[in-house]
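Student: Sending over target-v8.txt (compact mmCIF, C-alpha atoms).
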# COMPACT_ATOMS: atom_id res chain seq x y z
CA MET A 590 -17.69 -7.80 4.45
CA ASN A 591 -14.66 -6.61 2.48
CA LEU A 592 -14.23 -3.11 1.06
CA THR A 593 -15.16 -4.11 -2.49
CA ALA A 594 -18.43 -5.70 -1.43
CA PHE A 595 -19.30 -2.71 0.74
CA VAL A 596 -18.66 -0.22 -2.06
CA ARG A 597 -20.70 -2.28 -4.52
CA MET A 598 -23.64 -2.37 -2.12
CA ASN A 599 -23.22 1.32 -1.30
CA ARG A 600 -23.31 2.37 -4.94
CA LYS A 601 -26.14 0.17 -6.13
CA GLN A 602 -28.60 0.33 -3.27
CA PHE A 603 -28.03 3.38 -1.10
CA VAL A 604 -27.97 6.87 -2.49
CA HIS A 605 -29.27 9.02 0.34
CA PRO A 606 -26.32 10.83 1.98
CA ILE A 607 -27.52 10.11 5.54
CA VAL A 608 -27.80 6.40 4.80
CA THR A 609 -24.41 6.45 3.09
CA GLY A 610 -22.85 8.12 6.10
CA LEU A 611 -24.34 5.57 8.48
CA LEU A 612 -23.11 2.71 6.33
CA SER A 613 -19.62 4.20 6.21
CA LEU A 614 -19.65 4.50 9.98
CA LEU A 615 -20.74 0.87 10.36
CA PHE A 616 -17.97 -0.23 8.03
CA VAL A 617 -15.35 1.63 10.07
CA LEU A 618 -16.71 0.24 13.33
CA SER A 619 -16.50 -3.27 11.88
CA LEU A 620 -12.79 -2.67 11.17
CA SER A 621 -12.19 -1.19 14.59
CA CYS A 622 -13.87 -4.09 16.36
CA LYS A 623 -11.36 -6.46 14.75
CA ALA A 624 -8.41 -4.52 16.10
CA LYS A 625 -6.68 -4.89 19.41
CA ASN A 626 -6.12 -1.12 19.49
CA THR A 627 -8.36 1.60 18.18
CA ALA A 628 -7.64 2.72 14.65
CA VAL A 629 -7.82 6.38 15.68
CA ALA A 630 -4.17 7.21 16.35
CA PHE A 631 -2.79 10.64 17.08
CA ILE A 632 -2.90 12.78 13.95
CA SER A 633 -0.95 16.01 13.95
CA GLY A 634 -2.60 19.28 13.08
CA GLU A 635 -0.52 19.47 9.91
CA ASP A 636 -1.65 16.01 8.80
CA LYS A 637 -5.28 16.89 9.54
CA ALA A 638 -4.94 20.00 7.38
CA ILE A 639 -3.47 17.94 4.52
CA LEU A 640 -6.25 15.38 4.82
CA SER A 641 -8.96 18.03 4.92
CA ALA A 642 -7.55 19.87 1.89
CA PHE A 643 -7.25 16.63 -0.06
CA PHE A 644 -10.81 15.45 0.70
CA HIS A 645 -12.29 18.81 -0.32
CA GLN A 646 -10.29 18.75 -3.56
CA ALA A 647 -11.28 15.13 -4.24
CA ARG A 648 -14.95 16.07 -4.02
CA GLU A 649 -14.52 19.18 -6.17
CA GLN A 650 -12.61 17.25 -8.84
CA ARG A 651 -15.04 14.29 -8.67
CA LEU A 652 -12.27 11.77 -8.36
CA THR A 653 -14.73 8.96 -7.67
CA GLU A 654 -16.08 9.34 -11.21
CA MET A 655 -12.68 8.35 -12.64
CA SER A 656 -11.62 4.80 -13.35
CA SER A 657 -9.72 3.22 -10.47
CA GLY A 658 -6.40 3.50 -12.31
CA GLN A 659 -6.88 7.17 -13.19
CA ARG A 660 -7.99 7.90 -9.63
CA ILE A 661 -4.94 6.23 -8.10
CA ILE A 662 -2.57 8.32 -10.24
CA ALA A 663 -4.53 11.49 -9.44
CA ILE A 664 -4.28 10.81 -5.71
CA ALA A 665 -0.59 9.89 -5.86
CA SER A 666 0.12 13.03 -7.91
CA TYR A 667 -1.27 15.12 -5.05
CA PHE A 668 1.92 14.26 -3.13
CA MET A 669 4.41 14.92 -5.92
CA GLY A 670 7.51 16.58 -4.51
CA SER A 671 6.87 15.44 -0.93
CA PRO A 672 10.12 14.43 0.80
CA TYR A 673 11.34 10.87 1.20
CA ILE A 674 11.69 9.56 4.75
CA THR A 675 12.75 6.19 6.08
CA GLY A 676 11.80 4.46 9.32
CA SER A 677 8.73 6.60 9.99
CA LEU A 678 6.76 3.59 11.30
CA GLU A 679 9.47 2.47 13.72
CA ALA A 680 8.18 4.50 16.67
CA PRO A 681 9.17 3.62 20.26
CA GLY A 682 6.71 2.00 22.64
CA GLU A 683 3.60 -0.03 21.90
CA GLU A 684 2.71 -0.56 18.24
CA ARG A 685 0.12 1.93 17.06
CA LEU A 686 -1.08 3.38 13.81
CA GLN A 687 1.27 6.05 12.45
CA VAL A 688 -0.28 8.71 10.21
CA ASN A 689 2.11 10.83 8.16
CA LEU A 690 1.10 12.66 4.99
CA ARG A 691 4.12 14.98 5.01
CA ALA A 692 6.86 12.53 4.00
CA PHE A 693 6.94 8.95 2.70
CA ASP A 694 8.97 5.88 1.97
CA CYS A 695 7.98 3.79 -1.03
CA LEU A 696 5.50 1.57 0.85
CA THR A 697 3.92 4.26 3.05
CA LEU A 698 3.22 6.30 -0.10
CA VAL A 699 1.39 3.33 -1.66
CA GLU A 700 -0.49 2.66 1.59
CA THR A 701 -1.49 6.31 1.92
CA VAL A 702 -2.77 6.51 -1.66
CA LEU A 703 -4.76 3.28 -1.26
CA ALA A 704 -6.23 4.47 2.04
CA LEU A 705 -7.26 7.82 0.57
CA ASN A 706 -8.78 6.02 -2.41
CA GLY A 707 -10.72 3.65 -0.15
CA THR A 708 -11.92 6.54 2.00
CA ILE A 709 -13.32 8.72 -0.79
CA VAL A 710 -15.03 5.70 -2.34
CA LEU A 711 -16.83 5.14 0.98
CA THR A 712 -18.02 8.73 1.42
CA SER A 713 -17.68 12.14 -0.23
CA ASP A 714 -18.21 14.06 3.01
CA PRO A 715 -14.86 15.61 4.06
CA ASP A 716 -15.72 15.53 7.78
CA SER A 717 -16.61 11.83 7.63
CA CYS A 718 -13.42 11.16 5.66
CA LEU A 719 -11.28 12.47 8.50
CA PHE A 720 -12.83 9.88 10.80
CA ILE A 721 -12.83 7.01 8.32
CA TYR A 722 -9.29 7.39 6.93
CA PRO A 723 -7.36 5.96 9.92
CA SER A 724 -9.44 2.77 9.97
CA VAL A 725 -8.97 2.24 6.23
CA LEU A 726 -5.23 2.79 6.59
CA GLN A 727 -5.04 0.34 9.48
CA ASN A 728 -6.86 -2.29 7.44
CA ILE A 729 -4.25 -1.94 4.70
CA ARG A 730 -1.14 -1.88 6.87
CA TYR A 731 -1.80 -4.69 9.36
CA ARG A 732 -2.40 -8.42 9.00
CA ASN A 733 -6.16 -8.81 8.59
CA GLY A 734 -6.57 -5.21 9.76
CA ARG A 735 -5.66 -5.96 13.39
CA ILE A 736 -3.00 -4.23 15.46
CA GLN A 737 -1.58 -6.94 17.70
CA GLY A 738 1.95 -5.79 18.35
CA TYR A 739 4.96 -5.14 16.13
CA THR A 740 4.78 -8.39 14.18
CA SER A 741 1.15 -7.79 13.16
CA ARG A 742 2.37 -5.09 10.79
CA LEU A 743 2.92 -6.47 7.28
CA HIS A 744 6.68 -5.95 7.15
CA TYR A 745 7.38 -8.12 4.11
CA THR A 746 5.79 -6.72 0.96
CA SER A 747 5.04 -10.22 -0.36
CA GLU A 748 2.75 -10.81 2.63
CA TRP A 749 1.36 -7.28 2.24
CA LEU A 750 0.36 -8.19 -1.31
CA LEU A 751 -1.13 -11.55 -0.39
CA ASN A 752 -3.05 -10.17 2.59
CA GLY A 753 -4.27 -7.19 0.57
CA GLN A 754 -5.67 -9.51 -2.06
CA GLU A 755 -7.39 -11.59 0.63
CA LYS A 756 -9.00 -8.41 1.97
CA GLY A 757 -10.25 -7.47 -1.49
CA LEU A 758 -8.14 -4.32 -1.76
CA PHE A 759 -6.50 -5.29 -5.05
CA SER A 760 -5.97 -8.25 -7.34
CA LEU A 761 -2.58 -9.70 -8.20
CA LEU A 762 -2.25 -9.66 -11.99
CA THR A 763 1.08 -11.36 -12.46
CA ASP A 764 -0.62 -14.73 -12.78
CA LEU A 765 -2.34 -13.42 -15.91
CA PHE A 766 1.08 -13.16 -17.55
CA PRO A 767 3.32 -16.16 -18.29
CA GLY A 768 5.72 -15.35 -15.48
CA GLU A 769 7.70 -17.58 -13.16
CA ALA A 770 7.37 -18.76 -9.55
CA PHE A 771 9.08 -16.32 -7.23
CA PRO A 772 11.40 -18.01 -4.73
CA LEU A 773 10.45 -16.91 -1.21
CA GLU A 774 13.41 -17.42 1.12
CA LEU A 775 12.71 -14.74 3.70
CA ASN A 776 14.91 -14.38 6.76
CA TYR A 777 16.39 -10.90 6.61
CA MET A 778 14.60 -9.40 9.63
CA SER A 779 15.29 -12.29 11.98
CA ALA A 780 18.88 -12.55 10.72
CA HIS A 781 19.52 -8.80 11.16
CA PRO A 782 17.55 -7.74 14.26
CA GLN A 783 20.08 -4.99 14.92
CA HIS A 784 18.58 -3.04 12.01
CA TYR A 785 15.12 -2.90 13.63
CA PRO A 786 14.64 -1.03 16.94
CA ALA A 787 11.80 -3.30 18.06
CA LEU A 788 13.82 -6.48 17.39
CA LYS A 789 17.14 -5.27 18.74
CA ASP A 790 17.81 -6.82 22.16
CA ASN A 791 14.47 -8.68 21.96
CA PRO A 792 15.16 -12.35 21.15
CA ALA A 793 11.55 -13.41 21.77
CA LEU A 794 10.19 -10.93 19.21
CA THR A 795 12.94 -11.86 16.78
CA GLU A 796 11.96 -15.53 17.09
CA GLU A 797 8.33 -14.57 16.46
CA MET A 798 9.46 -12.81 13.30
CA ALA A 799 11.38 -15.93 12.24
CA THR A 800 8.21 -17.99 12.62
CA ILE A 801 6.33 -15.57 10.36
CA GLU A 802 9.14 -15.76 7.79
CA ALA A 803 9.02 -19.57 7.79
CA ARG A 804 5.26 -19.46 7.19
CA LEU A 805 5.61 -16.95 4.36
CA ASN A 806 8.24 -19.08 2.65
CA LYS A 807 5.53 -21.67 1.98
CA ALA A 808 3.36 -19.19 0.07
CA SER A 809 3.09 -19.13 -3.72
CA LEU A 810 3.76 -15.99 -5.72
CA SER A 811 4.78 -15.43 -9.30
CA TYR A 812 6.60 -12.55 -10.96
CA ILE A 813 7.69 -11.34 -14.37
CA PRO A 814 11.50 -11.45 -14.66
CA LYS A 815 12.82 -8.18 -16.07
CA THR A 816 14.36 -10.12 -18.95
CA GLN A 817 10.82 -10.95 -20.11
CA LEU A 818 9.12 -7.68 -19.24
CA ALA A 819 9.55 -5.74 -22.51
CA LYS A 820 6.85 -7.67 -24.34
CA TYR A 821 4.24 -6.97 -21.62
CA MET A 822 4.73 -3.26 -21.03
CA GLU A 823 1.68 -2.21 -23.04
CA ASP A 824 -0.57 -4.57 -21.07
CA ILE A 825 0.19 -3.19 -17.59
CA PRO A 826 -2.82 -1.09 -16.49
CA GLN A 827 -2.49 2.55 -15.50
CA GLY A 828 -2.38 2.97 -11.72
CA SER A 829 -1.39 -0.63 -11.02
CA ILE A 830 0.81 -1.35 -8.03
CA ILE A 831 4.30 -2.30 -9.22
CA ALA A 832 6.30 -4.31 -6.67
CA ILE A 833 9.91 -4.67 -7.78
CA THR A 834 11.46 -7.97 -6.76
CA THR A 835 15.07 -8.44 -5.68
CA ASP A 836 17.57 -11.28 -5.71
CA ARG A 837 19.23 -10.11 -2.50
CA PRO A 838 19.34 -12.96 0.04
CA GLY A 839 16.55 -13.03 2.61
CA LEU A 840 14.42 -10.36 0.94
CA ASP A 841 11.50 -10.27 -1.49
CA ILE A 842 10.59 -6.78 -2.69
CA ALA A 843 13.13 -3.97 -3.01
CA HIS A 844 10.82 -1.14 -4.10
CA ILE A 845 7.17 -0.36 -4.82
CA GLY A 846 5.18 2.32 -6.63
CA PHE A 847 2.47 2.86 -9.25
CA ALA A 848 2.46 2.31 -13.01
CA CYS A 849 2.08 5.70 -14.67
CA ARG A 850 1.61 5.91 -18.43
CA GLN A 851 2.71 9.09 -20.23
CA ASN A 852 2.96 9.62 -23.99
CA GLY A 853 2.57 5.90 -24.59
CA ARG A 854 5.41 4.88 -22.26
CA LEU A 855 5.21 3.37 -18.78
CA TYR A 856 6.94 5.04 -15.85
CA LEU A 857 7.01 4.55 -12.09
CA LEU A 858 5.29 7.03 -9.75
CA HIS A 859 7.06 6.41 -6.45
CA ALA A 860 8.81 7.76 -3.38
CA SER A 861 12.42 7.80 -4.59
CA SER A 862 15.19 7.30 -2.04
CA SER A 863 17.88 8.34 -4.55
CA ASN A 864 16.17 11.66 -5.35
CA SER A 865 14.62 12.05 -1.86
CA ARG A 866 11.12 12.89 -3.07
CA VAL A 867 7.87 11.58 -4.53
CA GLU A 868 8.20 11.71 -8.31
CA ILE A 869 7.61 10.05 -11.64
CA SER A 870 10.77 8.27 -12.74
CA GLU A 871 12.77 10.10 -15.38
CA GLN A 872 13.43 6.80 -17.14
CA SER A 873 10.80 4.38 -18.38
CA LEU A 874 9.92 1.56 -15.99
CA LEU A 875 11.90 -0.99 -18.01
CA THR A 876 14.99 1.22 -18.25
CA TYR A 877 14.72 1.98 -14.54
CA LEU A 878 14.60 -1.74 -13.70
CA ASN A 879 17.52 -2.59 -15.98
CA GLY A 880 19.60 0.11 -14.34
CA VAL A 881 19.61 -1.59 -10.93
CA LYS A 882 21.47 -4.89 -10.84
CA HIS A 883 19.65 -6.46 -7.88
CA PHE A 884 16.17 -5.71 -9.30
CA SER A 885 15.02 -9.06 -10.71
CA GLY A 886 11.50 -8.35 -12.00
CA ILE A 887 8.05 -7.17 -10.92
CA MET A 888 4.79 -8.27 -9.36
CA ILE A 889 1.66 -6.39 -10.46
CA ALA A 890 -1.56 -5.70 -8.53
CA GLN A 891 -4.60 -3.81 -9.80
CA VAL A 892 -6.61 -1.79 -7.32
CA ASN A 893 -10.22 -2.94 -7.10
CA LYS A 894 -12.98 -0.36 -7.63
Could the structure of this file be written out as structure tokens, please?
Tutor:
Amino acid sequence: MNLTAFVRMNRKQFVHPIVTGLLSLLFVLSLSCKAKNTAVAFISGEDKAILSAFFHQAREQRLTEMSSGQRIIAIASYFMGSPYITGSLEAPGEERLQVNLRAFDCLTLVETVLALNGTIVLTSDPDSCLFIYPSVLQNIRYRNGRIQGYTSRLHYTSEWLLNGQEKGLFSLLTDLFPGEAFPLELNYMSAHPQHYPALKDNPALTEEMATIEARLNKASLSYIPKTQLAKYMEDIPQGSIIAITTDRPGLDIAHIGFACRQNGRLYLLHASSSNSRVEISEQSLLTYLNGVKHFSGIMIAQVNK
């Protein structure tokens, strides 16, 4: 059962809080049973405090009564001003779930917001949320929700998008626009293993990554080139995931964030490497895209309720 189906069943048929809690627990156990490693990773005291404060605020502000797009922006806004960090998932030793709500890169911010959204939709009880959150995050971050070593993490954002859609987390919207086929020619990780601690001096793992890249290059994705984007800006839903494509060799997505509409204009809510913090872009999304030469366009995904 995917998350969307569970939530639909939970809302329509089960209203008693005890039953809801049991169903949430069963859902988490079903995710954990799929994984090689338990979803419950070490969570620092500081991260637990952030999670607890957020879940209490989410219940007080009734975030689940908002539309999915409004809720996503409300959750992401909770982390405004948080510092940017790179490489936070590249921990030494065996691959395990990394939980960090203190600092983000562009993708870990999006994953964190989606995981918090999925958690509060499952249950409004803050204590249950603390238990459920790691499993929801694991389901988002790893191929089919399973931790099976370094290469089971969804390193390429194109696969992250495709696998997320398969899991029912969100729906790719770019196909609803008259975009173009995006050329997948992925090889950056296998061609530059020195940039990745787990791949460096590990030819076998690098070859495994190359096999994954070759498989991904057969997938079909479309995007909206930035030269065509101006006429579609008003149609992009609030809170949508915006994946910015690149024409740099061997790569697919250069940046990711959320569509945030203010005063009739569309901006990007994201973890900014240039400004070293989570923020809403000073420029409109289109101006922001046009200002970076290697940005070629966008893919759009709408979070499912």
Student: Calculate how many Å separate atom CA of A:Met669 from atom CA of A:Arg866, rounding to one decimal.
Tutor: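 Between atom CA of A:Met669 and atom CA of A:Arg866 the gap works out to 7.6 Å.
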Student: Show which residues sit within 8 Å of A:Thr795, as number ranges by chain. Count only C-alpha atoms, and ignore same-chain residues fewer than 3 positions away.
Tutor: A: 778-779, 782, 788, 791-792, 798-799
Student: Produce a file of the selected residues containing C-alpha atoms, as a PDB file, in the frame of the given file.
Tutor:
ATOM      1  CA  MET A 778      14.600  -9.400   9.630  1.00  0.00           C
ATOM      2  CA  SER A 779      15.290 -12.290  11.980  1.00  0.00           C
ATOM      3  CA  PRO A 782      17.550  -7.740  14.260  1.00  0.00           C
ATOM      4  CA  LEU A 788      13.820  -6.480  17.390  1.00  0.00           C
ATOM      5  CA  ASN A 791      14.470  -8.680  21.960  1.00  0.00           C
ATOM      6  CA  PRO A 792      15.160 -12.350  21.150  1.00  0.00           C
ATOM      7  CA  MET A 798       9.460 -12.810  13.300  1.00  0.00           C
ATOM      8  CA  ALA A 799      11.380 -15.930  12.240  1.00  0.00           C
TER       9      ALA A 799
END
Student: Can you pull out the residues contacting A:Asn776? Cut-off 12 Å, using all atoms listed in the file, and skip same-chain residues under 2 positions away; I want them as a list in words.
Tutor: His744, Tyr745, Leu773, Glu774, Met778, Ser779, Ala780, His781, Pro782, Thr795, Glu796, Glu797, Met798, Ala799, Thr800, Ile801, Glu802, Ala803, Arg804, Leu805, Asn806, Arg837, Pro838, Gly839, Leu840 and Asp841 of chain A
Student: Of the candidates A:Pro672, A:Pro681, A:Gly886, A:Gly880, which one gets nearest to A:Ser862 if we count all atoms listed in the file?
Tutor: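 The answer is A:Pro672, which sits nearest to A:Ser862.
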Student: Rounded to one decimal, what separation in Å do you get between atom CA of A:Ala832 and atom CA of A:Thr746?
Tutor: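 The value is 8.0 Å.
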Student: Is it possible to get the axis-aligned box enclosing stretch 633-639 of chain A (all listed atoms, 8 Å extra per side) as AutoDock Vina command-line options, with centre and edge lengths in Å rounded to one decimal?
Tutor:
--center_x -2.9 --center_y 18.0 --center_z 9.2 --size_x 20.8 --size_y 20.0 --size_z 25.4
Student: I'd like the neighbourhood of A:Glu683 as a PyMOL selection string, where a residue qualifies if any of its atoms comes within 9 Å (using only C-alpha atoms), though same-chain residues fewer than 2 positions away should be ignored.
Tutor: chain A and resi 680-681+685+738-739
